[in-house]
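Before any comments, here is the structure.
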Amino acid sequence: MASLMVPPVLQSPRDDATQLYRAFKGFGCDTATVINILSHRDATQRAFLQQEYKNMYHEELSSRLSSELSGNTKTAVLLWLHDPAGRDATILRKALTGDLVDLRTATEVICSRTPSQLQTIKHLYYTKFGAHIERDIEMLATGDLQKLLLAYINTVRYEGLETDRAMVERDAKSLFKAGEKKLGTDEKTFIHIFSGGSRAHLAAVSSAYRNIYGSLKKAVKSETSGNFEFGLLTILKCAENPAKYFAKELYKSMKGLGTTDSTLIRIVVTRTEIDMQYIKAEYHKKFHKSLADAIHSETSSHYRTFLLSLVGS
């Protein structure tokens with residue numbers, strides 16, 4: 001369930017564009033007005049607004065925002081302008097081909113998305129950037145991580161809830177034989193099972209594994225390492241409870257000295273229109289504090305206002 005709050009009576013895209021233009025004029029930017037408009041428009045409304053702004057003022061809204069805003073506020077607002085799939089494609093392109101290659105971010109995005117979401121992302125990635133995402137993965141990732149990402153992004157998986165008990169027990173046994181039972185690890189089996197079945201199937205495999213052998217998460221941690229381990233765990237945790245997974249990642253981003261703003265921004269912005277209400281509930285359940293309170297204490301100024309507008313109370 002999304003957390004985005006859209007006003008019951010909306011202004012037209014033309015009115016929004018006019019207000020934004022006025023906010024940009026004069027000495028300094030009226031950032032509060034920019035945030036108040038953009039943080040309460042859904043993906044379709046933002047698309048119409050951007051088109052209207054371009055028609056009226058002959059410039060891209062994103063370009064004007066880039067010149068008017070700064071810091072984390074700028075990063076968050078520009079990422080928010082995209083529709084969800086286009087945003088994911090943009091995040092992946094930057095992670096795979098930017099000045100600082102970020103395989104962990106690419107792994108998180110790919111391994112936490114559903115098969116239908118990944119197919120849309122692949123299409124938009126090629127449309128927007130003229131490149132196949134598989135090619136960029138092959139260029140940057142290596143070894144088992146490369147094999148996992150390519151398998152996960154290309155395998156057509158069932159998205160329903162039904163599972164086959166015999167197949168579940170077979171896969172649980174195969175994972176035990178491929179990992180904890182033997183000396184060394186058969187990574188190919190882990191990749192095949194984690195990328196081949198539905199989320200419901202993998203969650204059932206994890207449950208069966210726990211009943212017979214112990215924790216599958218602990219097995220992954222003991223048998224694998226690095227971003228390959230992170231990818232497998234992301235797939236497994238999102239199969240069991242994606243909202244809980246993102247709640248924990250948000251907590252980690254704000255834990256200790258300083259805040260990992262790139263992670264905080266990425267998760268808040270990408271999940272607001274998808275499942276933020278569930279993430280908020282899991283966050284409160286796990287950490288006995290509201291996500292809004294955590295963000296309030298770890299951020300400041302317009303950056304704080306924008307994130308809280310997306311997350312809601």
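For the structure tokens, the naming scheme is as follows: chains receive sequential letters (A, B, ...) according to their order of presentation, residues are indexed from 1 within each chain, and ligands are indexed from 1 in presentation order.
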
Quick one: everything within 12 Å of Gly214 (chain A), counting only C-alpha atoms, minus sequence neighbours fewer than 2 positions away in the same chain. Send it as a compact mmCIF listing (two decimals) with N, CA and C atoms, in the first residue's frame.
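Okay, this is what ended up in out-v4.txt:
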```txt
# COMPACT_ATOMS: atom_id res chain seq x y z
N ALA A 172 14.54 -27.66 -1.06
CA ALA A 172 15.15 -27.51 0.26
C ALA A 172 16.28 -28.52 0.43
N LYS A 173 16.03 -29.74 0.02
CA LYS A 173 17.05 -30.79 0.12
C LYS A 173 18.23 -30.49 -0.80
N LEU A 175 19.31 -27.55 -1.76
CA LEU A 175 20.10 -26.46 -1.20
C LEU A 175 20.98 -26.95 -0.06
N PHE A 176 20.46 -27.86 0.75
CA PHE A 176 21.27 -28.42 1.84
C PHE A 176 22.46 -29.19 1.27
N GLU A 180 25.50 -26.67 3.09
CA GLU A 180 25.94 -27.10 4.41
C GLU A 180 26.38 -28.56 4.48
N VAL A 205 10.21 -22.89 0.51
CA VAL A 205 11.47 -23.62 0.59
C VAL A 205 12.22 -23.23 1.87
N SER A 206 12.25 -21.95 2.18
CA SER A 206 12.91 -21.47 3.39
C SER A 206 12.27 -22.05 4.64
N SER A 207 10.94 -22.12 4.64
CA SER A 207 10.22 -22.69 5.78
C SER A 207 10.52 -24.18 5.93
N ALA A 208 10.52 -24.90 4.80
CA ALA A 208 10.82 -26.34 4.83
C ALA A 208 12.26 -26.58 5.28
N TYR A 209 13.17 -25.76 4.80
CA TYR A 209 14.59 -25.87 5.17
C TYR A 209 14.75 -25.67 6.68
N ARG A 210 14.04 -24.67 7.22
CA ARG A 210 14.12 -24.38 8.66
C ARG A 210 13.62 -25.57 9.48
N ASN A 211 12.55 -26.21 9.02
CA ASN A 211 11.97 -27.33 9.76
C ASN A 211 12.89 -28.55 9.78
N ILE A 212 13.70 -28.70 8.73
CA ILE A 212 14.53 -29.91 8.62
C ILE A 212 15.98 -29.64 9.00
N LEU A 216 17.80 -21.06 6.53
CA LEU A 216 18.36 -20.92 5.19
C LEU A 216 19.17 -19.64 5.09
N LYS A 217 18.74 -18.58 5.78
CA LYS A 217 19.52 -17.33 5.77
C LYS A 217 20.92 -17.57 6.34
N LYS A 218 21.00 -18.29 7.45
CA LYS A 218 22.30 -18.58 8.05
C LYS A 218 23.15 -19.43 7.11
N ALA A 219 22.51 -20.33 6.38
CA ALA A 219 23.24 -21.17 5.42
C ALA A 219 23.83 -20.30 4.31
N VAL A 220 23.04 -19.35 3.80
CA VAL A 220 23.53 -18.45 2.75
C VAL A 220 24.71 -17.64 3.28
```

Quiz prompt | Non-local contacts of Leu148 (chain A) (12 Å; only C-alpha atoms; under 3 positions in same chain excluded) as an MDAnalysis selection string | solution = chainID A and resid 107 110:111 134 137:138 141:145 151:155 187:196 227:235

Quiz item: Which is closest to Gly184 (chain A) among A:Met56, A:Arg157, A:Thr224, A:Leu149, if we use only C-alpha atoms?
Solution: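 So, comparing all the options, the nearest one is A:Thr224.
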
Self-check item: Distance query Ser39 (chain A) at most 7 Å, only C-alpha atoms, self and fewer than 3 positions along chain excluded, as an NGL selection string
Solution: :A and (35-36 or 306 or 309-310)

Quiz prompt | Top pick for closest residue to Asp136 (chain A), considering A:Ile121, A:Leu96, A:Met167, A:Val9 and counting only C-alpha atoms | solution =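 The answer is A:Leu96, which sits nearest to Asp136 (chain A).
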
Quiz item: Near Ala247 (chain A), within 12 Å and counting only C-alpha atoms, which residues show up once chain neighbours fewer than 4 positions away are dropped, as a VMD selection string?
Solution: chain A and resid 237 to 238 241 to 243 251 to 254 263 to 264 267 to 268 271 275 to 292 294

Practice problem: Please identify which residues in region 38-280 of chain A DSSP calls alpha helix (DSSP H) from the backbone, and express them as a PyMOL selection string. | Solution: chain A and resi 38+43-57+61-68+71-80+84-97+103-112+115-129+133-140+143-154+165-178+187-196+199-212+216-223+226-240+242-254+261-271+276-280

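Of the listed residues (A:Ser198, A:Thr163, A:Thr90, A:Thr73), A:Ser198 comes nearest to Pro115 (chain A); the distances count only C-alpha atoms.
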
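Minimum distance to Trp80 (chain A) across A:Val269, A:Leu150, A:Val101, A:Met5 (counting only C-alpha atoms) occurs at A:Val269.
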
Quiz item: Looking at only C-alpha atoms, which of A:Asp164, A:Asp16, A:Asp99, A:Asp42 is the one that sits closest to Ala2 (chain A)?
Solution: A:Asp42
